[in-house]
Each structure stands twice: as C-alpha cells, then as structure tokens.
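Shown below: target.pdb, with PDB, C-alpha atoms.
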```
ATOM      1  CA  MET B   1      -6.041  -5.640   7.766  1.00  0.00           C
ATOM      2  CA  LYS B   2      -4.573  -7.071   4.568  1.00  0.00           C
ATOM      3  CA  THR B   3      -1.547  -5.012   3.538  1.00  0.00           C
ATOM      4  CA  ARG B   4       0.455  -7.445   1.401  1.00  0.00           C
ATOM      5  CA  GLN B   5       2.185  -5.581  -1.447  1.00  0.00           C
ATOM      6  CA  ASP B   6       4.812  -7.980  -2.785  1.00  0.00           C
ATOM      7  CA  ALA B   7       4.834  -9.211  -6.374  1.00  0.00           C
ATOM      8  CA  TRP B   8       2.663 -12.061  -7.611  1.00  0.00           C
ATOM      9  CA  THR B   9       4.399 -15.374  -8.240  1.00  0.00           C
ATOM     10  CA  GLU B  10       3.538 -18.120 -10.712  1.00  0.00           C
ATOM     11  CA  GLU B  11       2.179 -20.216  -7.832  1.00  0.00           C
ATOM     12  CA  ASN B  12      -0.100 -17.330  -6.809  1.00  0.00           C
ATOM     13  CA  ASP B  13      -1.402 -16.948 -10.369  1.00  0.00           C
ATOM     14  CA  LEU B  14      -1.994 -20.697 -10.633  1.00  0.00           C
ATOM     15  CA  LEU B  15      -3.911 -20.729  -7.344  1.00  0.00           C
ATOM     16  CA  LEU B  16      -6.006 -17.782  -8.526  1.00  0.00           C
ATOM     17  CA  ALA B  17      -6.820 -19.444 -11.851  1.00  0.00           C
ATOM     18  CA  GLU B  18      -7.699 -22.822 -10.307  1.00  0.00           C
ATOM     19  CA  THR B  19      -9.926 -21.220  -7.679  1.00  0.00           C
ATOM     20  CA  VAL B  20     -11.804 -19.004 -10.156  1.00  0.00           C
ATOM     21  CA  LEU B  21     -12.371 -21.888 -12.566  1.00  0.00           C
ATOM     22  CA  ARG B  22     -13.619 -24.117  -9.752  1.00  0.00           C
ATOM     23  CA  HIS B  23     -16.090 -21.489  -8.554  1.00  0.00           C
ATOM     24  CA  VAL B  24     -17.376 -20.828 -12.063  1.00  0.00           C
ATOM     25  CA  ARG B  25     -17.666 -24.547 -12.820  1.00  0.00           C
ATOM     26  CA  GLU B  26     -19.628 -25.298  -9.629  1.00  0.00           C
ATOM     27  CA  GLY B  27     -21.999 -22.348  -9.964  1.00  0.00           C
ATOM     28  CA  SER B  28     -20.394 -19.848  -7.605  1.00  0.00           C
ATOM     29  CA  THR B  29     -19.242 -16.292  -8.407  1.00  0.00           C
ATOM     30  CA  GLN B  30     -15.836 -14.943  -9.339  1.00  0.00           C
ATOM     31  CA  LEU B  31     -16.092 -12.453  -6.465  1.00  0.00           C
ATOM     32  CA  ASN B  32     -16.438 -15.351  -4.032  1.00  0.00           C
ATOM     33  CA  ALA B  33     -13.340 -16.906  -5.610  1.00  0.00           C
ATOM     34  CA  PHE B  34     -11.407 -13.652  -5.172  1.00  0.00           C
ATOM     35  CA  GLU B  35     -12.359 -13.632  -1.481  1.00  0.00           C
ATOM     36  CA  GLU B  36     -11.082 -17.182  -1.010  1.00  0.00           C
ATOM     37  CA  VAL B  37      -7.772 -16.469  -2.761  1.00  0.00           C
ATOM     38  CA  GLY B  38      -7.409 -13.198  -0.870  1.00  0.00           C
ATOM     39  CA  ASP B  39      -7.700 -14.958   2.481  1.00  0.00           C
ATOM     40  CA  LYS B  40      -5.189 -17.612   1.421  1.00  0.00           C
ATOM     41  CA  LEU B  41      -2.620 -15.100   0.105  1.00  0.00           C
ATOM     42  CA  ASN B  42      -3.329 -12.308   2.616  1.00  0.00           C
ATOM     43  CA  ARG B  43      -4.454  -9.990  -0.167  1.00  0.00           C
ATOM     44  CA  THR B  44      -7.646  -8.045  -0.709  1.00  0.00           C
ATOM     45  CA  SER B  45     -10.348  -9.440  -2.975  1.00  0.00           C
ATOM     46  CA  ALA B  46     -10.020  -6.289  -5.086  1.00  0.00           C
ATOM     47  CA  ALA B  47      -6.321  -6.997  -5.672  1.00  0.00           C
ATOM     48  CA  CYS B  48      -7.113 -10.569  -6.672  1.00  0.00           C
ATOM     49  CA  GLY B  49      -9.841  -9.399  -9.046  1.00  0.00           C
ATOM     50  CA  PHE B  50      -7.517  -6.875 -10.664  1.00  0.00           C
ATOM     51  CA  ARG B  51      -4.820  -9.521 -11.102  1.00  0.00           C
ATOM     52  CA  TRP B  52      -7.311 -11.942 -12.668  1.00  0.00           C
ATOM     53  CA  ASN B  53      -8.769  -9.447 -15.151  1.00  0.00           C
ATOM     54  CA  ALA B  54      -5.486  -7.710 -16.027  1.00  0.00           C
ATOM     55  CA  VAL B  55      -3.026 -10.616 -16.254  1.00  0.00           C
ATOM     56  CA  VAL B  56      -4.270 -14.133 -15.597  1.00  0.00           C
ATOM     57  CA  ARG B  57      -7.625 -14.324 -17.357  1.00  0.00           C
ATOM     58  CA  HIS B  58      -6.354 -14.068 -20.946  1.00  0.00           C
ATOM     59  CA  GLN B  59      -4.178 -17.142 -20.296  1.00  0.00           C
ATOM     60  CA  TYR B  60      -7.214 -19.241 -19.334  1.00  0.00           C
ATOM     61  CA  GLU B  61      -9.899 -18.064 -21.776  1.00  0.00           C
ATOM     62  CA  LYS B  62     -10.532 -21.550 -23.163  1.00  0.00           C
ATOM     63  CA  ALA B  63     -10.610 -23.082 -19.692  1.00  0.00           C
ATOM     64  CA  LEU B  64     -13.027 -20.366 -18.547  1.00  0.00           C
ATOM     65  CA  ASP B  65     -15.369 -21.030 -21.474  1.00  0.00           C
ATOM     66  CA  LEU B  66     -15.247 -24.749 -20.684  1.00  0.00           C
ATOM     67  CA  ALA B  67     -16.040 -24.070 -17.017  1.00  0.00           C
ATOM     68  CA  LYS B  68     -19.059 -21.955 -18.020  1.00  0.00           C
ATOM     69  CA  LYS B  69     -20.323 -24.781 -20.275  1.00  0.00           C
ATOM     70  CA  GLN B  70     -19.908 -27.267 -17.421  1.00  0.00           C
ATOM     71  CA  ARG B  71     -21.858 -24.911 -15.159  1.00  0.00           C
ATOM     72  CA  LYS B  72     -24.744 -24.795 -17.661  1.00  0.00           C
ATOM     73  CA  GLN B  73     -24.767 -28.587 -17.929  1.00  0.00           C
ATOM     74  CA  ARG B  74     -24.759 -28.810 -14.138  1.00  0.00           C
ATOM     75  CA  HIS B  75     -27.754 -26.464 -13.929  1.00  0.00           C
ATOM     76  CA  ARG B  76     -29.678 -28.461 -16.532  1.00  0.00           C
ATOM     77  CA  ILE B  77     -29.034 -31.696 -14.619  1.00  0.00           C
ATOM     78  CA  MET B  78     -30.019 -30.212 -11.264  1.00  0.00           C
ATOM     79  CA  GLY B  79     -33.060 -28.506 -12.741  1.00  0.00           C
ATOM     80  CA  LYS B  80     -34.691 -25.729 -10.786  1.00  0.00           C
ATOM     81  CA  GLU B  81     -33.674 -26.933  -7.348  1.00  0.00           C
ATOM     82  CA  GLN B  82     -31.368 -23.979  -6.841  1.00  0.00           C
ATOM     83  CA  GLY B  83     -33.913 -21.473  -8.059  1.00  0.00           C
ATOM     84  CA  GLY B  84     -31.465 -19.787 -10.418  1.00  0.00           C
ATOM     85  CA  LYS B  85     -29.320 -18.550  -7.544  1.00  0.00           C
ATOM     86  CA  LYS B  86     -25.581 -18.991  -7.520  1.00  0.00           C
ATOM     87  CA  LYS B  87     -24.151 -21.070  -4.698  1.00  0.00           C
ATOM     88  CA  LEU B  88     -21.225 -19.548  -2.809  1.00  0.00           C
ATOM     89  CA  LEU B  89     -18.506 -22.132  -2.242  1.00  0.00           C
ATOM     90  CA  TYR B  90     -16.430 -20.075   0.198  1.00  0.00           C
ATOM     91  CA  GLN B  91     -17.524 -18.391   3.391  1.00  0.00           C
ATOM     92  CA  PRO B  92     -15.031 -15.705   4.572  1.00  0.00           C
ATOM     93  CA  PRO B  93     -13.996 -16.014   8.242  1.00  0.00           C
ATOM     94  CA  MET B  94     -15.850 -13.803  10.670  1.00  0.00           C
ATOM     95  CA  THR B  95     -13.984 -10.905  12.217  1.00  0.00           C
ATOM     96  CA  LEU B  96     -14.063 -10.020  15.892  1.00  0.00           C
ATOM     97  CA  LEU B  97     -16.487  -7.207  15.162  1.00  0.00           C
ATOM     98  CA  ASP B  98     -18.864  -9.573  13.332  1.00  0.00           C
ATOM     99  CA  GLU B  99     -18.754 -12.049  16.226  1.00  0.00           C
ATOM    100  CA  ALA B 100     -19.317  -9.231  18.712  1.00  0.00           C
ATOM    101  CA  ASP B 101     -22.330  -8.000  16.698  1.00  0.00           C
ATOM    102  CA  MET B 102     -23.854 -11.496  16.630  1.00  0.00           C
ATOM    103  CA  GLU B 103     -23.329 -11.962  20.348  1.00  0.00           C
ATOM    104  CA  MET B 104     -24.743  -8.509  20.992  1.00  0.00           C
ATOM    105  CA  ASP B 105     -27.862  -9.386  18.978  1.00  0.00           C
ATOM    106  CA  GLU B 106     -28.257 -12.612  20.970  1.00  0.00           C
ATOM    107  CA  ALA B 107     -27.847 -10.697  24.224  1.00  0.00           C
ATOM    108  CA  PHE B 108     -30.516  -8.183  23.155  1.00  0.00           C
ATOM    109  CA  GLU B 109     -32.865 -11.030  22.236  1.00  0.00           C
ATOM    110  CA  ILE B 110     -32.360 -12.518  25.701  1.00  0.00           C
ATOM    111  CA  LEU B 111     -33.030  -9.188  27.381  1.00  0.00           C
ATOM    112  CA  ASN B 112     -36.098  -8.548  25.219  1.00  0.00           C
ATOM    113  CA  SER B 113     -37.446 -11.996  26.011  1.00  0.00           C
ATOM    114  CA  ALA B 114     -36.965 -11.398  29.715  1.00  0.00           C
ATOM    115  CA  THR B 115     -38.637  -7.978  29.434  1.00  0.00           C
ATOM    116  CA  MET B 116     -41.670  -9.427  27.656  1.00  0.00           C
ATOM    117  CA  LYS B 117     -42.065 -12.046  30.362  1.00  0.00           C
ATOM    118  CA  SER B 118     -41.790  -9.426  33.095  1.00  0.00           C
ATOM    119  CA  GLU B 119     -44.567  -7.375  31.492  1.00  0.00           C
ATOM    120  CA  SER B 120     -47.079 -10.231  31.616  1.00  0.00           C
ATOM    121  CA  THR B 121     -50.050  -9.436  33.823  1.00  0.00           C
ATOM    122  CA  ASN B 122     -51.089 -11.065  37.087  1.00  0.00           C
ATOM    123  CA  PHE B 123     -54.919 -11.477  37.184  1.00  0.00           C
ATOM    124  CA  GLN B 124     -55.101 -12.177  40.942  1.00  0.00           C
ATOM    125  CA  GLY B 125     -55.227  -8.489  41.702  1.00  0.00           C
ATOM    126  CA  ASN B 126     -53.924  -5.325  40.162  1.00  0.00           C
ATOM    127  CA  LEU B 127     -51.785  -5.428  37.023  1.00  0.00           C
ATOM    128  CA  LEU B 128     -48.377  -6.293  38.427  1.00  0.00           C
ATOM    129  CA  PRO B 129     -45.260  -7.478  36.639  1.00  0.00           C
ATOM    130  CA  ALA B 130     -44.702 -11.165  36.903  1.00  0.00           C
ATOM    131  CA  PRO B 131     -41.398 -12.399  38.280  1.00  0.00           C
ATOM    132  CA  VAL B 132     -38.682 -12.843  35.682  1.00  0.00           C
ATOM    133  CA  GLU B 133     -37.634 -16.400  35.152  1.00  0.00           C
ATOM    134  CA  PRO B 134     -33.909 -17.090  35.111  1.00  0.00           C
ATOM    135  CA  THR B 135     -32.510 -17.357  31.590  1.00  0.00           C
ATOM    136  CA  GLY B 136     -29.902 -19.992  32.463  1.00  0.00           C
ATOM    137  CA  ASP B 137     -26.140 -20.240  32.674  1.00  0.00           C
ATOM    138  CA  MET B 138     -25.772 -20.537  28.902  1.00  0.00           C
ATOM    139  CA  ASN B 139     -27.355 -17.131  28.286  1.00  0.00           C
ATOM    140  CA  MET B 140     -25.257 -15.545  31.030  1.00  0.00           C
ATOM    141  CA  GLN B 141     -22.136 -16.999  29.445  1.00  0.00           C
ATOM    142  CA  LYS B 142     -23.089 -15.366  26.154  1.00  0.00           C
ATOM    143  CA  VAL B 143     -23.457 -11.990  27.855  1.00  0.00           C
ATOM    144  CA  ILE B 144     -20.110 -12.406  29.619  1.00  0.00           C
ATOM    145  CA  SER B 145     -18.470 -13.465  26.358  1.00  0.00           C
ATOM    146  CA  TYR B 146     -19.909 -10.418  24.610  1.00  0.00           C
ATOM    147  CA  LEU B 147     -18.610  -8.078  27.319  1.00  0.00           C
ATOM    148  CA  GLN B 148     -15.175  -9.697  27.153  1.00  0.00           C
ATOM    149  CA  ASN B 149     -15.059  -9.296  23.384  1.00  0.00           C
ATOM    150  CA  LEU B 150     -16.176  -5.691  23.770  1.00  0.00           C
ATOM    151  CA  GLN B 151     -13.330  -5.094  26.226  1.00  0.00           C
ATOM    152  CA  ASN B 152     -10.878  -6.727  23.814  1.00  0.00           C
ATOM    153  CA  SER B 153     -12.171  -4.479  21.048  1.00  0.00           C
ATOM    154  CA  ASP B 154     -11.541  -1.422  23.238  1.00  0.00           C
ATOM    155  CA  ILE B 155      -8.001  -2.623  23.943  1.00  0.00           C
ATOM    156  CA  GLN B 156      -7.354  -3.207  20.254  1.00  0.00           C
ATOM    157  CA  GLN B 157      -8.745   0.235  19.459  1.00  0.00           C
ATOM    158  CA  GLU B 158      -6.419   1.802  22.024  1.00  0.00           C
ATOM    159  CA  ILE B 159      -3.456  -0.070  20.535  1.00  0.00           C
ATOM    160  CA  LEU B 160      -4.405   1.139  17.054  1.00  0.00           C
ATOM    161  CA  GLN B 161      -4.700   4.703  18.317  1.00  0.00           C
ATOM    162  CA  ARG B 162      -1.237   4.536  19.879  1.00  0.00           C
ATOM    163  CA  GLU B 163       0.200   3.079  16.684  1.00  0.00           C
ATOM    164  CA  ASN B 164      -1.513   5.827  14.719  1.00  0.00           C
ATOM    165  CA  GLU B 165       0.016   8.516  16.953  1.00  0.00           C
ATOM    166  CA  ARG B 166       3.443   6.906  16.597  1.00  0.00           C
ATOM    167  CA  LEU B 167       3.162   6.868  12.822  1.00  0.00           C
ATOM    168  CA  LYS B 168       2.013  10.489  12.779  1.00  0.00           C
ATOM    169  CA  LYS B 169       5.039  11.496  14.873  1.00  0.00           C
ATOM    170  CA  GLN B 170       7.307   9.518  12.554  1.00  0.00           C
ATOM    171  CA  ILE B 171       5.807  11.313   9.559  1.00  0.00           C
ATOM    172  CA  ARG B 172       6.367  14.706  11.211  1.00  0.00           C
ATOM    173  CA  ASP B 173      10.000  13.803  11.947  1.00  0.00           C
ATOM    174  CA  LEU B 174      10.537  12.678   8.357  1.00  0.00           C
ATOM    175  CA  GLU B 175       8.980  15.879   7.032  1.00  0.00           C
ATOM    176  CA  ALA B 176      11.269  17.959   9.256  1.00  0.00           C
ATOM    177  CA  GLU B 177      14.285  15.965   8.080  1.00  0.00           C
ATOM    178  CA  ASN B 178      13.180  16.400   4.480  1.00  0.00           C
ATOM    179  CA  ASN B 179      12.888  20.165   4.927  1.00  0.00           C
ATOM    180  CA  SER B 180      16.365  20.290   6.476  1.00  0.00           C
ATOM    181  CA  LEU B 181      17.832  18.305   3.575  1.00  0.00           C
ATOM    182  CA  GLN B 182      16.103  20.566   1.068  1.00  0.00           C
ATOM    183  CA  LYS B 183      17.671  23.615   2.722  1.00  0.00           C
ATOM    184  CA  GLN B 184      21.101  21.971   2.590  1.00  0.00           C
ATOM    185  CA  VAL B 185      20.622  21.165  -1.085  1.00  0.00           C
ATOM    186  CA  ALA B 186      19.591  24.756  -1.810  1.00  0.00           C
ATOM    187  CA  LYS B 187      22.659  26.046   0.048  1.00  0.00           C
ATOM    188  CA  LEU B 188      24.945  23.707  -1.903  1.00  0.00           C
ATOM    189  CA  GLU B 189      23.375  24.871  -5.152  1.00  0.00           C
ATOM    190  CA  ASP B 190      24.013  28.513  -4.202  1.00  0.00           C
ATOM    191  CA  ASN B 191      27.628  27.697  -3.357  1.00  0.00           C
ATOM    192  CA  SER B 192      27.988  25.900  -6.672  1.00  0.00           C
ATOM    193  CA  VAL B 193      26.685  28.944  -8.556  1.00  0.00           C
ATOM    194  CA  THR B 194      29.075  31.221  -6.646  1.00  0.00           C
ATOM    195  CA  MET B 195      32.022  28.959  -7.381  1.00  0.00           C
ATOM    196  CA  GLN B 196      31.073  28.877 -11.056  1.00  0.00           C
ATOM    197  CA  GLU B 197      30.951  32.674 -11.182  1.00  0.00           C
ATOM    198  CA  ASP B 198      34.346  32.965  -9.425  1.00  0.00           C
ATOM    199  CA  TYR B 199      35.831  30.477 -11.852  1.00  0.00           C
ATOM    200  CA  GLU B 200      34.548  32.405 -14.856  1.00  0.00           C
ATOM    201  CA  THR B 201      35.914  35.666 -13.418  1.00  0.00           C
ATOM    202  CA  LEU B 202      39.311  34.076 -12.821  1.00  0.00           C
ATOM    203  CA  MET B 203      39.415  32.749 -16.367  1.00  0.00           C
ATOM    204  CA  LYS B 204      38.642  36.211 -17.723  1.00  0.00           C
ATOM    205  CA  ILE B 205      41.516  37.667 -15.696  1.00  0.00           C
ATOM    206  CA  LEU B 206      43.924  34.991 -16.926  1.00  0.00           C
ATOM    207  CA  ASN B 207      42.904  35.531 -20.535  1.00  0.00           C
ATOM    208  CA  ARG B 208      43.394  39.275 -20.178  1.00  0.00           C
ATOM    209  CA  ALA B 209      46.839  38.792 -18.614  1.00  0.00           C
ATOM    210  CA  ARG B 210      47.797  36.402 -21.424  1.00  0.00           C
ATOM    211  CA  LYS B 211      46.791  38.958 -24.025  1.00  0.00           C
ATOM    212  CA  LEU B 212      48.834  41.674 -22.292  1.00  0.00           C
ATOM    213  CA  VAL B 213      51.939  39.489 -22.275  1.00  0.00           C
ATOM    214  CA  LEU B 214      51.559  38.748 -25.972  1.00  0.00           C
ATOM    215  CA  PHE B 215      51.090  42.461 -26.719  1.00  0.00           C
ATOM    216  CA  ASP B 216      54.296  43.392 -24.833  1.00  0.00           C
ATOM    217  CA  GLU B 217      56.257  40.753 -26.717  1.00  0.00           C
ATOM    218  CA  GLU B 218      55.033  42.155 -30.019  1.00  0.00           C
ATOM    219  CA  GLU B 219      56.091  45.731 -29.144  1.00  0.00           C
ATOM    220  CA  THR B 220      59.623  44.773 -27.984  1.00  0.00           C
ATOM    221  CA  PRO B 221      62.017  45.026 -31.027  1.00  0.00           C
ATOM    222  CA  PRO B 222      64.207  42.026 -31.737  1.00  0.00           C
ATOM    223  CA  THR B 223      67.838  42.151 -30.562  1.00  0.00           C
ATOM    224  CA  SER B 224      70.458  42.490 -33.363  1.00  0.00           C
ATOM    225  CA  PHE B 225      73.970  41.014 -33.267  1.00  0.00           C
ATOM    226  CA  LYS B 226      77.087  41.514 -35.430  1.00  0.00           C
ATOM    227  CA  MET B 227      80.292  39.525 -35.786  1.00  0.00           C
ATOM    228  CA  ASP B 228      83.681  41.178 -35.235  1.00  0.00           C
ATOM    229  CA  ARG B 229      86.886  40.256 -36.989  1.00  0.00           C
ATOM    230  CA  ASN B 230      87.649  37.563 -34.479  1.00  0.00           C
ATOM    231  CA  GLY B 231      84.324  35.822 -35.111  1.00  0.00           C
ATOM    232  CA  ASN B 232      82.667  36.920 -31.865  1.00  0.00           C
ATOM    233  CA  LEU B 233      79.033  38.115 -31.748  1.00  0.00           C
ATOM    234  CA  GLU B 234      78.398  41.582 -30.410  1.00  0.00           C
ATOM    235  CA  LYS B 235      75.049  43.096 -29.558  1.00  0.00           C
ATOM    236  CA  MET B 236      74.332  46.060 -31.707  1.00  0.00           C
ATOM    237  CA  ALA B 237      73.215  49.264 -30.068  1.00  0.00           C
ATOM    238  CA  GLU B 238      69.525  50.080 -30.520  1.00  0.00           C
TER     239      GLU B 238
END
```

Same coordinates, now as structure tokens:
Amino acid sequence: MKTRQDAWTEENDLLLAETVLRHVREGSTQLNAFEEVGDKLNRTSAACGFRWNAVVRHQYEKALDLAKKQRKQRHRIMGKEQGGKKKLLYQPPMTLLDEADMEMDEAFEILNSATMKSESTNFQGNLLPAPVEPTGDMNMQKVISYLQNLQNSDIQQEILQRENERLKKQIRDLEAENNSLQKQVAKLEDNSVTMQEDYETLMKILNRARKLVLFDEEETPPTSFKMDRNGNLEKMAE
C-alpha cells in the first residue's frame, strides 16, 4: 500500500513532467504516466495526477503542446497500423493477488482439461470414463506454487488483522487519554473562574476598607497648637 505523504520536491516535479511529456509524445496516456511516476516515488497515481494538474502542468504548457504535435506527426507517419489506439508505455508490476489469480486460472484450466479427458467415452463396452493422463511435473509445480502463494496470502492477511487490532487498541487508548486531559482542562478552567471570583471579592473588600479609612480621617478634627511665652507649642484643648 502506497502511503507516502511527504512534500513534493523539485526533482519529483521534474520527473513527473518528463514522464508525462514522454508518454504524450509517444502516444501513451497521462494516466499511464501517473502510474509509472507513482511506482517510482511510492505515491498513488491519483496523487501524481493531482500534482500534475494543480501545480506542474501550467509550467509546461508549451512543452505539452509540442508533445501533442509530435504525437500527431508520429501517428501520420505510422498510418493506421495502431488502429487509433493509444499505446501504453508502462506496465505496472503485478501484485501477489494478481499473480495468485493468474496461477489459479491456470490451475483451473489444467483441472478442466483433465476432467474433459476423463469424460471421453470408451466404445469397447459400456460408456466408461477413460483413464486420466498425467499432466506433467510443470503443471503440478504450478498448482503447488499457487497453494504456496495462497498460504502466504493467508499469513499476510493474519498479519494485517493483528496490525489492525493493534491500531484500534492504540486509538482507544488515545481517546481515553484525550478524555482524561479534557476533564483536567475543564477542572483547571473551573479553578480559574473560582480564583477570579475570589480575587474580585477581595478587591471589593479592600476598596471598602480604604473608603472607611478615608471617611474616618475626614471626620477627625485637626489638632490645634498654641505658643506660650517661652516659645513652646502647647496642644489646645478640644
């Protein structure tokens, strides 16, 4: 499975452009070019097509038009030999499942051939099945190879299932951790609100106390002094 998600580089864009132009010039399809680039860069053909149409193509419009003209000239020179069909330049590699399907089809053809031979009639008496001729070591090797590939496919499927279960467990653990962190955040927010309310209450109390002190100072009459004959200050009685 192609899971590459890193950013495209200038070398990747250049490879994509050169491959697409070559396919167009030689009569192939852009989709076939995307498949070739995808296999080389471990990306999907859809990702390559999106990159070409969204970013790279407008940089090579003139080169693309020239490649299309060269393709038309090539078709005129070759005439109708190709029958108007586009020639695919790149053949994607076969997967294990594709190989297993081909070998399975060959195995079924061998079995069907043997069955048809066994159903041939014997005219020396009653209709009896004729003996089955051996199909040869090569055919047996194909059957064995198919069974081995089938076993490998089962093993790979089991590995994928285990990996899937592990990822599911990891997701459940992350969700539980996320829920725990959300609860902690909510608790901290509640504490912050409580602290803010306490602070505002304390400030109200301090402001009220400050006002009371100022009011007491205003009500207290100022102290009066007088000077005696010797030049000393004496507090006058209220």

(request) Report the residues retrieved by the PyMOL selection byres ((chain B and resi 46-63) around 12) from the displayed file, expressed as a ChimeraX atom specification. (result) /B:2-22,24-25,29-45,64-70

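Note that atom CA of B:Tyr199 and atom CA of B:Val185 are 20.8 Å apart.
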
(message) Could you tell me how far atom CA of B:Glu197 sits from atom CA of B:Phe215, in Å to one decimal place?
(response) 27.3 Å

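From atom CA of B:Glu26 back to atom CA of B:Gln91, the distance works out to 14.9 Å.
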